Structure formats: structure tokens, C-alpha cells
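Undergrad: start01.cif (mmCIF, C-alpha atoms and all ligand atoms) pasted underneath:
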```
data_model
loop_
_atom_site.group_PDB
_atom_site.id
_atom_site.type_symbol
_atom_site.label_atom_id
_atom_site.label_comp_id
_atom_site.auth_asym_id
_atom_site.auth_seq_id
_atom_site.Cartn_x
_atom_site.Cartn_y
_atom_site.Cartn_z
ATOM 1 C CA MET E 1176 59.111 196.040 242.090
ATOM 2 C CA LYS E 1177 55.595 195.007 241.140
ATOM 3 C CA PHE E 1178 55.468 192.558 238.245
ATOM 4 C CA THR E 1179 53.201 194.916 236.277
ATOM 5 C CA ASP E 1180 55.699 197.805 236.744
ATOM 6 C CA ARG E 1181 58.389 195.608 235.257
ATOM 7 C CA ILE E 1182 56.351 194.585 232.191
ATOM 8 C CA TYR E 1183 55.103 198.159 231.732
ATOM 9 C CA GLU E 1184 58.731 199.340 231.523
ATOM 10 C CA THR E 1185 59.634 196.629 228.995
ATOM 11 C CA ALA E 1186 56.593 197.392 226.839
ATOM 12 C CA LYS E 1187 57.080 201.183 226.976
ATOM 13 C CA PRO E 1188 58.769 201.561 223.541
ATOM 14 C CA ILE E 1189 55.851 199.661 221.952
ATOM 15 C CA TRP E 1190 53.195 201.648 223.838
ATOM 16 C CA ASN E 1191 54.915 204.943 222.911
ATOM 17 C CA GLN E 1192 54.734 204.024 219.241
ATOM 18 C CA SER E 1193 51.015 203.240 219.603
ATOM 19 C CA HIS E 1194 50.432 206.563 221.308
ATOM 20 C CA HIS E 1195 52.209 208.450 218.529
ATOM 21 C CA HIS E 1196 50.564 206.487 215.736
ATOM 22 C CA PRO E 1197 48.683 208.817 213.298
ATOM 23 C CA PHE E 1198 45.432 206.934 213.973
ATOM 24 C CA VAL E 1199 45.586 207.623 217.722
ATOM 25 C CA GLN E 1200 46.823 211.196 217.252
ATOM 26 C CA GLY E 1201 44.093 211.726 214.651
ATOM 27 C CA ILE E 1202 41.420 210.762 217.203
ATOM 28 C CA GLY E 1203 42.925 213.134 219.772
ATOM 29 C CA HIS E 1204 43.266 216.065 217.394
ATOM 30 C CA GLY E 1205 39.998 215.352 215.589
ATOM 31 C CA THR E 1206 41.744 215.055 212.202
ATOM 32 C CA LEU E 1207 41.279 211.337 211.524
ATOM 33 C CA ASP E 1208 39.612 210.426 208.221
ATOM 34 C CA ILE E 1209 36.130 209.168 209.144
ATOM 35 C CA ASP E 1210 36.426 206.195 206.747
ATOM 36 C CA LYS E 1211 39.414 204.918 208.701
ATOM 37 C CA PHE E 1212 37.398 205.272 211.917
ATOM 38 C CA LYS E 1213 34.489 203.349 210.335
ATOM 39 C CA PHE E 1214 36.850 200.549 209.369
ATOM 40 C CA PHE E 1215 38.271 200.508 212.902
ATOM 41 C CA MET E 1216 34.810 200.455 214.525
ATOM 42 C CA CYS E 1217 33.695 197.440 212.491
ATOM 43 C CA GLN E 1218 36.903 195.467 213.107
ATOM 44 C CA ASP E 1219 36.913 196.429 216.766
ATOM 45 C CA TYR E 1220 33.322 195.260 217.198
ATOM 46 C CA ILE E 1221 34.096 191.708 216.095
ATOM 47 C CA TYR E 1222 37.381 191.820 218.022
ATOM 48 C CA LEU E 1223 35.358 192.653 221.169
ATOM 49 C CA ILE E 1224 33.068 189.670 220.627
ATOM 50 C CA ASP E 1225 36.108 187.387 220.974
ATOM 51 C CA TYR E 1226 37.607 189.519 223.717
ATOM 52 C CA ALA E 1227 34.397 189.068 225.738
ATOM 53 C CA ARG E 1228 34.870 185.295 225.428
ATOM 54 C CA LEU E 1229 38.241 185.719 227.185
ATOM 55 C CA PHE E 1230 36.504 187.181 230.221
ATOM 56 C CA ALA E 1231 34.032 184.291 230.189
ATOM 57 C CA LEU E 1232 37.030 181.920 230.138
ATOM 58 C CA GLY E 1233 38.568 183.860 233.049
ATOM 59 C CA SER E 1234 35.415 183.350 235.072
ATOM 60 C CA LEU E 1235 35.480 179.649 234.203
ATOM 61 C CA LYS E 1236 39.132 179.230 235.159
ATOM 62 C CA ALA E 1237 39.007 181.206 238.421
ATOM 63 C CA ASP E 1238 39.058 179.200 241.601
ATOM 64 C CA ARG E 1239 37.792 182.025 243.822
ATOM 65 C CA LEU E 1240 34.314 183.494 243.873
ATOM 66 C CA ASP E 1241 35.535 187.134 243.998
ATOM 67 C CA VAL E 1242 37.703 186.543 240.908
ATOM 68 C CA MET E 1243 34.744 184.915 239.108
ATOM 69 C CA GLN E 1244 32.657 187.986 239.980
ATOM 70 C CA THR E 1245 35.317 190.391 238.681
ATOM 71 C CA PHE E 1246 35.592 188.539 235.366
ATOM 72 C CA ALA E 1247 31.783 188.444 235.092
ATOM 73 C CA GLN E 1248 31.678 192.195 235.679
ATOM 74 C CA MET E 1249 34.326 192.830 233.003
ATOM 75 C CA LEU E 1250 32.330 190.596 230.635
ATOM 76 C CA HIS E 1251 29.230 192.682 231.361
ATOM 77 C CA ILE E 1252 31.066 195.995 230.795
ATOM 78 C CA THR E 1253 32.471 194.785 227.469
ATOM 79 C CA LEU E 1254 29.220 193.385 226.073
ATOM 80 C CA ASN E 1255 26.918 196.087 227.388
ATOM 81 C CA GLU E 1256 28.944 199.268 227.683
ATOM 82 C CA GLU E 1257 31.967 199.184 225.444
ATOM 83 C CA MET E 1258 30.091 197.460 222.616
ATOM 84 C CA ALA E 1259 27.112 199.786 223.169
ATOM 85 C CA LEU E 1260 29.417 202.675 222.264
ATOM 86 C CA HIS E 1261 30.261 200.891 219.014
ATOM 87 C CA ARG E 1262 26.585 200.204 218.287
ATOM 88 C CA ALA E 1263 25.756 203.891 218.872
ATOM 89 C CA TYR E 1264 28.633 204.997 216.628
ATOM 90 C CA ALA E 1265 27.568 202.550 213.929
ATOM 91 C CA LYS E 1266 24.073 204.046 213.952
ATOM 92 C CA ARG E 1267 25.490 207.553 213.517
ATOM 93 C CA LEU E 1268 27.859 206.328 210.823
ATOM 94 C CA GLY E 1269 25.056 204.621 208.878
ATOM 95 C CA ILE E 1270 26.215 201.043 209.578
ATOM 96 C CA SER E 1271 23.447 198.574 210.494
ATOM 97 C CA GLU E 1272 23.828 196.231 213.473
ATOM 98 C CA SER E 1273 23.893 193.130 211.259
ATOM 99 C CA GLU E 1274 26.548 194.739 209.043
ATOM 100 C CA LEU E 1275 28.556 195.368 212.192
ATOM 101 C CA THR E 1276 28.221 191.821 213.529
ATOM 102 C CA ASN E 1277 28.915 190.296 210.108
ATOM 103 C CA THR E 1278 32.094 192.295 209.476
ATOM 104 C CA LYS E 1279 34.722 190.099 207.802
ATOM 105 C CA PRO E 1280 37.797 190.059 210.038
ATOM 106 C CA SER E 1281 41.051 191.416 208.635
ATOM 107 C CA PRO E 1282 44.233 189.292 208.875
ATOM 108 C CA THR E 1283 45.374 191.349 211.889
ATOM 109 C CA THR E 1284 42.032 190.944 213.676
ATOM 110 C CA ILE E 1285 42.118 187.181 213.063
ATOM 111 C CA ALA E 1286 45.726 186.915 214.244
ATOM 112 C CA TYR E 1287 45.196 189.003 217.370
ATOM 113 C CA SER E 1288 41.940 187.328 218.484
ATOM 114 C CA SER E 1289 43.206 183.842 217.713
ATOM 115 C CA TYR E 1290 46.445 184.428 219.609
ATOM 116 C CA MET E 1291 44.602 185.579 222.734
ATOM 117 C CA LEU E 1292 42.008 182.819 222.565
ATOM 118 C CA ASN E 1293 44.722 180.207 222.120
ATOM 119 C CA ILE E 1294 46.671 181.497 225.137
ATOM 120 C CA ALA E 1295 43.500 181.676 227.228
ATOM 121 C CA GLN E 1296 42.231 178.239 226.286
ATOM 122 C CA ARG E 1297 45.411 176.294 226.827
ATOM 123 C CA GLY E 1298 47.049 178.422 229.532
ATOM 124 C CA SER E 1299 46.358 179.325 233.137
ATOM 125 C CA ILE E 1300 44.454 182.343 234.429
ATOM 126 C CA LYS E 1301 47.827 184.150 234.758
ATOM 127 C CA GLU E 1302 48.551 183.730 231.057
ATOM 128 C CA LEU E 1303 45.026 184.844 230.217
ATOM 129 C CA LEU E 1304 45.541 188.007 232.298
ATOM 130 C CA ALA E 1305 48.935 188.745 230.719
ATOM 131 C CA ALA E 1306 47.270 188.491 227.289
ATOM 132 C CA VAL E 1307 44.289 190.766 228.026
ATOM 133 C CA LEU E 1308 46.034 193.398 230.157
ATOM 134 C CA PRO E 1309 47.548 195.591 227.363
ATOM 135 C CA CYS E 1310 44.047 196.056 225.878
ATOM 136 C CA ALA E 1311 42.368 197.582 228.916
ATOM 137 C CA TRP E 1312 45.472 199.285 230.309
ATOM 138 C CA SER E 1313 46.786 200.868 227.093
ATOM 139 C CA TYR E 1314 43.312 202.123 226.082
ATOM 140 C CA TYR E 1315 42.851 203.760 229.467
ATOM 141 C CA GLU E 1316 46.284 205.365 229.162
ATOM 142 C CA ILE E 1317 45.568 206.552 225.614
ATOM 143 C CA GLY E 1318 42.130 207.842 226.697
ATOM 144 C CA LYS E 1319 43.656 209.827 229.548
ATOM 145 C CA LYS E 1320 46.443 211.311 227.402
ATOM 146 C CA LEU E 1321 44.071 212.252 224.577
ATOM 147 C CA SER E 1322 41.615 213.812 227.054
ATOM 148 C CA GLU E 1323 44.311 216.404 227.870
ATOM 149 C CA ILE E 1324 44.262 217.710 224.283
ATOM 150 C CA PRO E 1325 42.000 220.798 224.281
ATOM 151 C CA GLY E 1326 38.671 219.986 222.623
ATOM 152 C CA ALA E 1327 39.347 216.231 222.297
ATOM 153 C CA MET E 1328 36.464 215.265 224.603
ATOM 154 C CA GLU E 1329 34.018 217.563 222.790
ATOM 155 C CA HIS E 1330 34.838 216.602 219.212
ATOM 156 C CA GLU E 1331 31.661 215.780 217.266
ATOM 157 C CA TRP E 1332 32.948 212.358 216.159
ATOM 158 C CA TYR E 1333 35.771 211.304 218.436
ATOM 159 C CA GLY E 1334 34.759 213.051 221.672
ATOM 160 C CA GLU E 1335 32.615 210.200 222.985
ATOM 161 C CA TRP E 1336 35.332 207.688 222.217
ATOM 162 C CA VAL E 1337 37.863 209.663 224.291
ATOM 163 C CA GLN E 1338 35.305 210.216 227.070
ATOM 164 C CA MET E 1339 34.589 206.499 227.381
ATOM 165 C CA TYR E 1340 38.174 205.260 227.486
ATOM 166 C CA GLN E 1341 39.407 207.910 229.926
ATOM 167 C CA SER E 1342 36.485 207.246 232.301
ATOM 168 C CA PRO E 1343 37.071 205.997 235.887
ATOM 169 C CA GLU E 1344 35.014 202.901 235.045
ATOM 170 C CA PHE E 1345 37.519 201.855 232.391
ATOM 171 C CA GLY E 1346 40.343 202.797 234.754
ATOM 172 C CA GLU E 1347 38.856 200.371 237.238
ATOM 173 C CA VAL E 1348 38.844 197.534 234.685
ATOM 174 C CA ALA E 1349 42.572 198.134 234.088
ATOM 175 C CA SER E 1350 43.280 198.291 237.862
ATOM 176 C CA TRP E 1351 41.410 195.022 238.507
ATOM 177 C CA GLN E 1352 43.549 193.266 235.930
ATOM 178 C CA ILE E 1353 46.785 194.851 237.192
ATOM 179 C CA ASN E 1354 46.053 193.914 240.808
ATOM 180 C CA LEU E 1355 45.023 190.376 239.956
ATOM 181 C CA LEU E 1356 48.125 189.742 237.860
ATOM 182 C CA ASN E 1357 50.390 191.064 240.649
ATOM 183 C CA GLU E 1358 48.603 188.921 243.206
ATOM 184 C CA PHE E 1359 48.802 185.770 241.083
ATOM 185 C CA THR E 1360 52.517 186.219 240.317
ATOM 186 C CA THR E 1361 53.690 186.856 243.903
ATOM 187 C CA PHE E 1362 55.359 183.435 244.059
ATOM 188 C CA SER E 1363 56.107 182.960 240.354
ATOM 189 C CA SER E 1364 59.578 181.871 239.265
ATOM 190 C CA GLU E 1365 61.689 184.105 236.999
ATOM 191 C CA GLU E 1366 61.077 181.619 234.188
ATOM 192 C CA GLU E 1367 57.312 181.942 234.538
ATOM 193 C CA LYS E 1368 57.560 185.748 234.765
ATOM 194 C CA ASN E 1369 59.568 185.816 231.536
ATOM 195 C CA GLN E 1370 56.918 183.748 229.777
ATOM 196 C CA LEU E 1371 54.147 186.054 230.997
ATOM 197 C CA GLU E 1372 56.162 189.102 229.959
ATOM 198 C CA GLU E 1373 56.481 187.707 226.423
ATOM 199 C CA ILE E 1374 52.699 187.285 226.177
ATOM 200 C CA PHE E 1375 52.182 190.864 227.437
ATOM 201 C CA LEU E 1376 54.679 192.140 224.844
ATOM 202 C CA ASN E 1377 53.030 190.158 222.054
ATOM 203 C CA THR E 1378 49.565 191.573 222.721
ATOM 204 C CA SER E 1379 51.130 195.064 223.075
ATOM 205 C CA ARG E 1380 52.595 194.533 219.584
ATOM 206 C CA PHE E 1381 49.185 193.422 218.318
ATOM 207 C CA GLU E 1382 47.653 196.593 219.795
ATOM 208 C CA TYR E 1383 50.069 198.651 217.674
ATOM 209 C CA MET E 1384 49.245 196.533 214.630
ATOM 210 C CA PHE E 1385 45.513 197.083 215.180
ATOM 211 C CA TRP E 1386 45.970 200.886 215.009
ATOM 212 C CA ASP E 1387 48.129 200.539 211.931
ATOM 213 C CA MET E 1388 45.757 198.074 210.246
ATOM 214 C CA SER E 1389 42.884 200.547 210.822
ATOM 215 C CA TYR E 1390 44.886 203.474 209.465
ATOM 216 C CA GLN E 1391 45.710 201.506 206.296
ATOM 217 C CA LYS E 1392 42.231 199.845 206.194
ATOM 218 C CA ALA E 1393 44.265 196.705 205.535
ATOM 219 C CA MET E 1394 42.422 193.559 204.408
ATOM 220 C CA TRP E 1395 43.985 190.557 202.642
ATOM 221 C CA PRO E 1396 46.652 191.756 200.183
ATOM 222 C CA LEU E 1397 45.194 189.655 197.359
ATOM 223 C CA ASP E 1398 43.018 190.140 194.332
ATOM 224 C CA GLU E 1399 40.481 187.292 194.378
ATOM 225 C CA LYS E 1400 38.382 188.320 191.378
HETATM 226 C C1 LIG S 1 41.950 196.305 219.673
HETATM 227 C C2 LIG S 1 41.386 196.793 220.974
HETATM 228 N N1 LIG S 1 42.153 196.742 222.070
HETATM 229 C C3 LIG S 1 41.675 197.173 223.247
HETATM 230 C C4 LIG S 1 40.391 197.668 223.356
HETATM 231 C C5 LIG S 1 39.875 198.204 224.650
HETATM 232 N N2 LIG S 1 39.217 197.265 225.487
HETATM 233 C C6 LIG S 1 38.918 196.024 225.109
HETATM 234 S S1 LIG S 1 38.166 195.159 226.357
HETATM 235 C C7 LIG S 1 38.309 196.417 227.435
HETATM 236 C C8 LIG S 1 37.849 196.304 228.830
HETATM 237 C C9 LIG S 1 36.431 196.618 229.077
HETATM 238 O O1 LIG S 1 35.549 196.201 228.123
HETATM 239 C C10 LIG S 1 38.880 197.506 226.809
HETATM 240 C C11 LIG S 1 39.117 198.790 227.479
HETATM 241 C C12 LIG S 1 39.598 197.683 222.181
HETATM 242 N N3 LIG S 1 38.330 198.140 222.189
HETATM 243 N N4 LIG S 1 40.121 197.254 221.022
#
```
Have the structure of the file written as C-alpha cells, please.
TA:
Amino acid sequence: MKFTDRIYETAKPIWNQSHHHPFVQGIGHGTLDIDKFKFFMCQDYIYLIDYARLFALGSLKADRLDVMQTFAQMLHITLNEEMALHRAYAKRLGISESELTNTKPSPTTIAYSSYMLNIAQRGSIKELLAAVLPCAWSYYEIGKKLSEIPGAMEHEWYGEWVQMYQSPEFGEVASWQINLLNEFTTFSSEEEKNQLEEIFLNTSRFEYMFWDMSYQKAMWPLDEK
């Protein structure tokens, strides 16, 4: 069994809950409150800035030229294609680019980004891959599932979002990461595989929390005035 098949099976209950979350279903059925989507877009934009740094770290840590090239390509796609979608949405939603970049991160955004950056900075390229994989893979899976809902790809607000994440280009990003992680774990011990699985599960949990945080528009639960 491929290592990624094993971790996919373990993470399935978490991924199912993300898929059925009202935020995700609301995008697919076109019923999501636009203010929740705005909140998500802003948080996701600053999340992606840190996520892009993970790909830069992957390129730095790789000891093969083809792996460096793949990470550089994923860095390019994130900064120039995925984030371009957010910039275009922000324009339509009346959010300026500086407002977008200067979004204050929510506790969940801080926790998620910091966790991944910590793993990537102190761990190996395998740990980095285990941390980033649920992001690209689960979004592609969600994009594909939502694209099957009649009208989801044509919705005036959420159609472009679904179109982007179900696209073959984003499928390729997920496949690169899946193939690399399988290749790098061919000779890994059970102990190492368990550690990588835990990282994959943790970022899968954070993915769920990100949907939920966006649905609740959850910032710090404190009154500071
Ligand atoms: C919270 C959150 N998780 C995952 C993604 C999706 N995503 C992040 S990087 C990447 C690969 C190509 O850029 C993909 C698909 C997101 N936007 N926001």
C-alpha cells in the first residue's frame, strides 16, 4: 500500500467533516453568506503568503534539481495564480489590495501557519511535505466534488473558486506532492511513518478549523476596548 493511501484512509473522517461543513456546502450550492466568504478570502490571502514560504523552504531543502524545480513551480502557482484569484475576488468584493495584505490574522490562521512553518523549518523535506499535502490535495478533492453540483461552476460568486480548485493544474500540484512523499518514504521506518501521519492529520484538522473559523468569522474571543 502506498504511504499516501494509508494516510488518506486515516484522515478520511476528518476530510469528510470538512466536505460536509456548511461553509464548503454553501460554496457548492451557492448559498454561502458573502460576508463569510469575504472573511475567508482575507484570511486565506495571508495564509497563502506563509504557505508560499513553505514551498520556498522545500526548494531550499531539496537535494535534487528536479525537486527544486517542482517546489519553485508550486511557489510560482501559489503566488501568481492562486493568489491572483484572491486579488481578483477582492476587487469584485470591494477590498483593496493593501487591505488584503494587511489583514489581521485570526487565532486559527496564526496557529495553522505557525505550525506548518515550525515543522518545515526544523524538520526534513518529508515532514514539510506531510504538512503541506492536505492543503493541495483536500482542496482539489473538494473542488472536484463541488464541480459535480449542477450550476456550481457557473455561480456568479463561487463559480470561479470551484473552477480553479477542480482544474487539472491544481490536480497536478496535488499529484506532485503525493508522488514525492511516496518516493521519499519508500525506505522509512514504521516509527517515521507514524510521525509523518500525525503531521498530515494535524494539518487536516487545521483545514477543518479554517472552514469553521471562516463560517463563524472567528477572531479573538476578547473585548479589548
Ligand atoms: C486554508 C487553505 N488550505 C488550502 C488551500 C489550497 N492551496 C493552498 S496552496 C495550494 C497549492 C497551489 O498553490 C492550494 C491548492 C488554501 N487556499 N487555503
Undergrad: Hey, which residues come within 8 Å of ligand LIG 1 (chain S) if we count all atoms listed in the file? Could you give them as a PDB file with C-alpha atoms, in the coordinates of the input?
TA:
```
ATOM      1  CA  ASP E1219      36.913 196.429 216.766  1.00  0.00           C
ATOM      2  CA  TYR E1220      33.322 195.260 217.198  1.00  0.00           C
ATOM      3  CA  TYR E1222      37.381 191.820 218.022  1.00  0.00           C
ATOM      4  CA  LEU E1223      35.358 192.653 221.169  1.00  0.00           C
ATOM      5  CA  TYR E1226      37.607 189.519 223.717  1.00  0.00           C
ATOM      6  CA  ALA E1227      34.397 189.068 225.738  1.00  0.00           C
ATOM      7  CA  MET E1249      34.326 192.830 233.003  1.00  0.00           C
ATOM      8  CA  LEU E1250      32.330 190.596 230.635  1.00  0.00           C
ATOM      9  CA  HIS E1251      29.230 192.682 231.361  1.00  0.00           C
ATOM     10  CA  ILE E1252      31.066 195.995 230.795  1.00  0.00           C
ATOM     11  CA  THR E1253      32.471 194.785 227.469  1.00  0.00           C
ATOM     12  CA  LEU E1254      29.220 193.385 226.073  1.00  0.00           C
ATOM     13  CA  GLU E1256      28.944 199.268 227.683  1.00  0.00           C
ATOM     14  CA  GLU E1257      31.967 199.184 225.444  1.00  0.00           C
ATOM     15  CA  MET E1258      30.091 197.460 222.616  1.00  0.00           C
ATOM     16  CA  VAL E1307      44.289 190.766 228.026  1.00  0.00           C
ATOM     17  CA  PRO E1309      47.548 195.591 227.363  1.00  0.00           C
ATOM     18  CA  CYS E1310      44.047 196.056 225.878  1.00  0.00           C
ATOM     19  CA  ALA E1311      42.368 197.582 228.916  1.00  0.00           C
ATOM     20  CA  TRP E1312      45.472 199.285 230.309  1.00  0.00           C
ATOM     21  CA  SER E1313      46.786 200.868 227.093  1.00  0.00           C
ATOM     22  CA  TYR E1314      43.312 202.123 226.082  1.00  0.00           C
ATOM     23  CA  TYR E1315      42.851 203.760 229.467  1.00  0.00           C
ATOM     24  CA  TYR E1340      38.174 205.260 227.486  1.00  0.00           C
ATOM     25  CA  PHE E1345      37.519 201.855 232.391  1.00  0.00           C
ATOM     26  CA  VAL E1348      38.844 197.534 234.685  1.00  0.00           C
ATOM     27  CA  ALA E1349      42.572 198.134 234.088  1.00  0.00           C
ATOM     28  CA  PHE E1381      49.185 193.422 218.318  1.00  0.00           C
ATOM     29  CA  GLU E1382      47.653 196.593 219.795  1.00  0.00           C
ATOM     30  CA  PHE E1385      45.513 197.083 215.180  1.00  0.00           C
ATOM     31  CA  TRP E1386      45.970 200.886 215.009  1.00  0.00           C
TER      32      TRP E1386
END
```
Undergrad: Between E:Glu1335, E:Ser1342, E:Glu1316, E:Lys1400, single out the one closest to E:Trp1190, counting all atoms listed in the file.
TA: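 Of the candidates, the smallest distance to E:Trp1190 is held by E:Glu1316.
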Undergrad: Can you give me, as JSON, numbers by chain, the residues this file yields under the PyMOL selection byres (((chain E and resi 1182) around 10) and not hetatm)?
TA: {"E": [1177, 1178, 1179, 1180, 1181, 1183, 1184, 1185, 1186, 1187, 1305, 1368, 1369, 1371, 1372, 1373, 1375, 1376]}
Undergrad: I'd like the residues picked by the PyMOL selection byres (((chain E and resi 1394) around 7) and not hetatm) written out as a list in words, using the chain letters and numbers from the file.
TA: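 This file gives the following for the PyMOL selection byres (((chain E and resi 1394) around 7) and not hetatm): Ser1281, Pro1282, Lys1392, Ala1393, Trp1395 and Pro1396 of chain E.
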Undergrad: What gap, in Å, lies between atom CA of E:Asp1238 and atom CA of E:Gln1370?
TA: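 Calculated distance between atom CA of E:Asp1238 and atom CA of E:Gln1370 is 21.9 Å.
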Undergrad: E:Ile1374, E:Ile1189, E:Met1216, E:Asp1208: which is nearest E:Asn1293, counting only C-alpha atoms?
TA: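 Answer, going by the shortest atom-to-atom distance: E:Ile1374.
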Undergrad: Mind telling me what the PyMOL selection byres (((chain E and resi 1298) around 12) and not hetatm) catches here, as a CSV table (one decimal) with C-alpha atoms, in the coordinates of the input?
TA:
```
chain,number,residue,atom,x,y,z
E,1229,LEU,CA,38.2,185.7,227.2
E,1232,LEU,CA,37.0,181.9,230.1
E,1233,GLY,CA,38.6,183.9,233.0
E,1236,LYS,CA,39.1,179.2,235.2
E,1290,TYR,CA,46.4,184.4,219.6
E,1291,MET,CA,44.6,185.6,222.7
E,1292,LEU,CA,42.0,182.8,222.6
E,1293,ASN,CA,44.7,180.2,222.1
E,1294,ILE,CA,46.7,181.5,225.1
E,1295,ALA,CA,43.5,181.7,227.2
E,1296,GLN,CA,42.2,178.2,226.3
E,1297,ARG,CA,45.4,176.3,226.8
E,1299,SER,CA,46.4,179.3,233.1
E,1300,ILE,CA,44.5,182.3,234.4
E,1301,LYS,CA,47.8,184.2,234.8
E,1302,GLU,CA,48.6,183.7,231.1
E,1303,LEU,CA,45.0,184.8,230.2
E,1304,LEU,CA,45.5,188.0,232.3
E,1305,ALA,CA,48.9,188.7,230.7
E,1306,ALA,CA,47.3,188.5,227.3
E,1367,GLU,CA,57.3,181.9,234.5
E,1370,GLN,CA,56.9,183.7,229.8
E,1371,LEU,CA,54.1,186.1,231.0
E,1374,ILE,CA,52.7,187.3,226.2
```
Undergrad: So that I can see what lies close to E:Tyr1390, please list as a list of chain:residue names the residues with an atom at most 7 Å from it, counting only C-alpha atoms and leaving out residues fewer than 3 positions away in the same chain.
TA: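 My list of contacting residues is E:Phe1198, E:Lys1211, E:Trp1386, E:Asp1387.
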Undergrad: Just checking: using only C-alpha atoms, which residue out of E:Gln1218, E:Ser1364, E:Arg1239, E:Gly1205 ends up closest to E:Thr1283?
TA: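 Nearest to E:Thr1283: E:Gln1218.
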Undergrad: In Å, how far is it from atom CA of E:Thr1378 to atom CA of E:Tyr1287?
TA: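 Here the two named atoms are 7.4 Å from each other.
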Undergrad: Have a look at atom CA of E:Glu1366 and atom CA of E:Tyr1383 and let me know their distance in Å, one decimal.
TA: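 Between these atoms lies a distance of 26.2 Å.
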Undergrad: How big is the axis-aligned box around the listed atoms of stretch 1227-1237 of chain E once 3 Å is added on each side, and where is its centre? Give both in Å to one decimal, as lines of an AutoDock Vina configuration file.
TA:
```
center_x = 36.6
center_y = 184.1
center_z = 231.9
size_x = 11.1
size_y = 15.8
size_z = 19.0
```
Undergrad: Which residue out of E:Asn1354, E:Ser1289, E:Thr1284, E:Gln1192 has the minimum interatomic distance to E:Ser1389 when all atoms listed in the file are used?
TA: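 Among the listed residues, the smallest separation from E:Ser1389 belongs to E:Thr1284.
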Undergrad: From the set E:His1195, E:His1261, E:Arg1380, E:Arg1228, which residue has the shortest atom-to-atom contact distance to E:Tyr1333, counting all atoms listed in the file?
TA: E:His1261
Undergrad: Rank nothing, just name the residue among E:Met1243, E:His1194, E:Gln1338, E:Gly1269 nearest to E:Gly1326, using all atoms listed in the file.
TA: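 Looking only at the distances to E:Gly1326, the closest residue turns out to be E:Gln1338.
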Undergrad: Rebuild stretch 1182-1194 of chain E to N, CA and C atoms - output it as a CSV table (one decimal), in the coordinates of the input, please.
TA:
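What follows is the written file out35.csv:
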```csv
chain,number,residue,atom,x,y,z
E,1182,ILE,N,56.8,194.8,233.6
E,1182,ILE,CA,56.4,194.6,232.2
E,1182,ILE,C,55.9,195.9,231.5
E,1183,TYR,N,55.5,196.8,232.3
E,1183,TYR,CA,55.1,198.2,231.7
E,1183,TYR,C,56.4,198.8,231.2
E,1184,GLU,N,57.4,198.8,232.0
E,1184,GLU,CA,58.7,199.3,231.5
E,1184,GLU,C,59.2,198.7,230.2
E,1185,THR,N,59.1,197.3,230.2
E,1185,THR,CA,59.6,196.6,229.0
E,1185,THR,C,58.8,197.0,227.8
E,1186,ALA,N,57.5,197.1,228.0
E,1186,ALA,CA,56.6,197.4,226.8
E,1186,ALA,C,56.6,198.9,226.4
E,1187,LYS,N,57.2,199.7,227.2
E,1187,LYS,CA,57.1,201.2,227.0
E,1187,LYS,C,57.4,201.6,225.5
E,1188,PRO,N,58.5,201.1,224.9
E,1188,PRO,CA,58.8,201.6,223.5
E,1188,PRO,C,57.6,201.2,222.6
E,1189,ILE,N,57.0,200.1,222.8
E,1189,ILE,CA,55.9,199.7,222.0
E,1189,ILE,C,54.7,200.6,222.2
E,1190,TRP,N,54.3,200.8,223.5
E,1190,TRP,CA,53.2,201.6,223.8
E,1190,TRP,C,53.4,203.1,223.3
E,1191,ASN,N,54.6,203.6,223.4
E,1191,ASN,CA,54.9,204.9,222.9
E,1191,ASN,C,54.6,205.0,221.4
E,1192,GLN,N,55.0,204.0,220.7
E,1192,GLN,CA,54.7,204.0,219.2
E,1192,GLN,C,53.2,204.0,218.9
E,1193,SER,N,52.5,203.2,219.8
E,1193,SER,CA,51.0,203.2,219.6
E,1193,SER,C,50.5,204.6,219.9
E,1194,HIS,N,50.9,205.2,220.9
E,1194,HIS,CA,50.4,206.6,221.3
E,1194,HIS,C,50.7,207.6,220.2
```
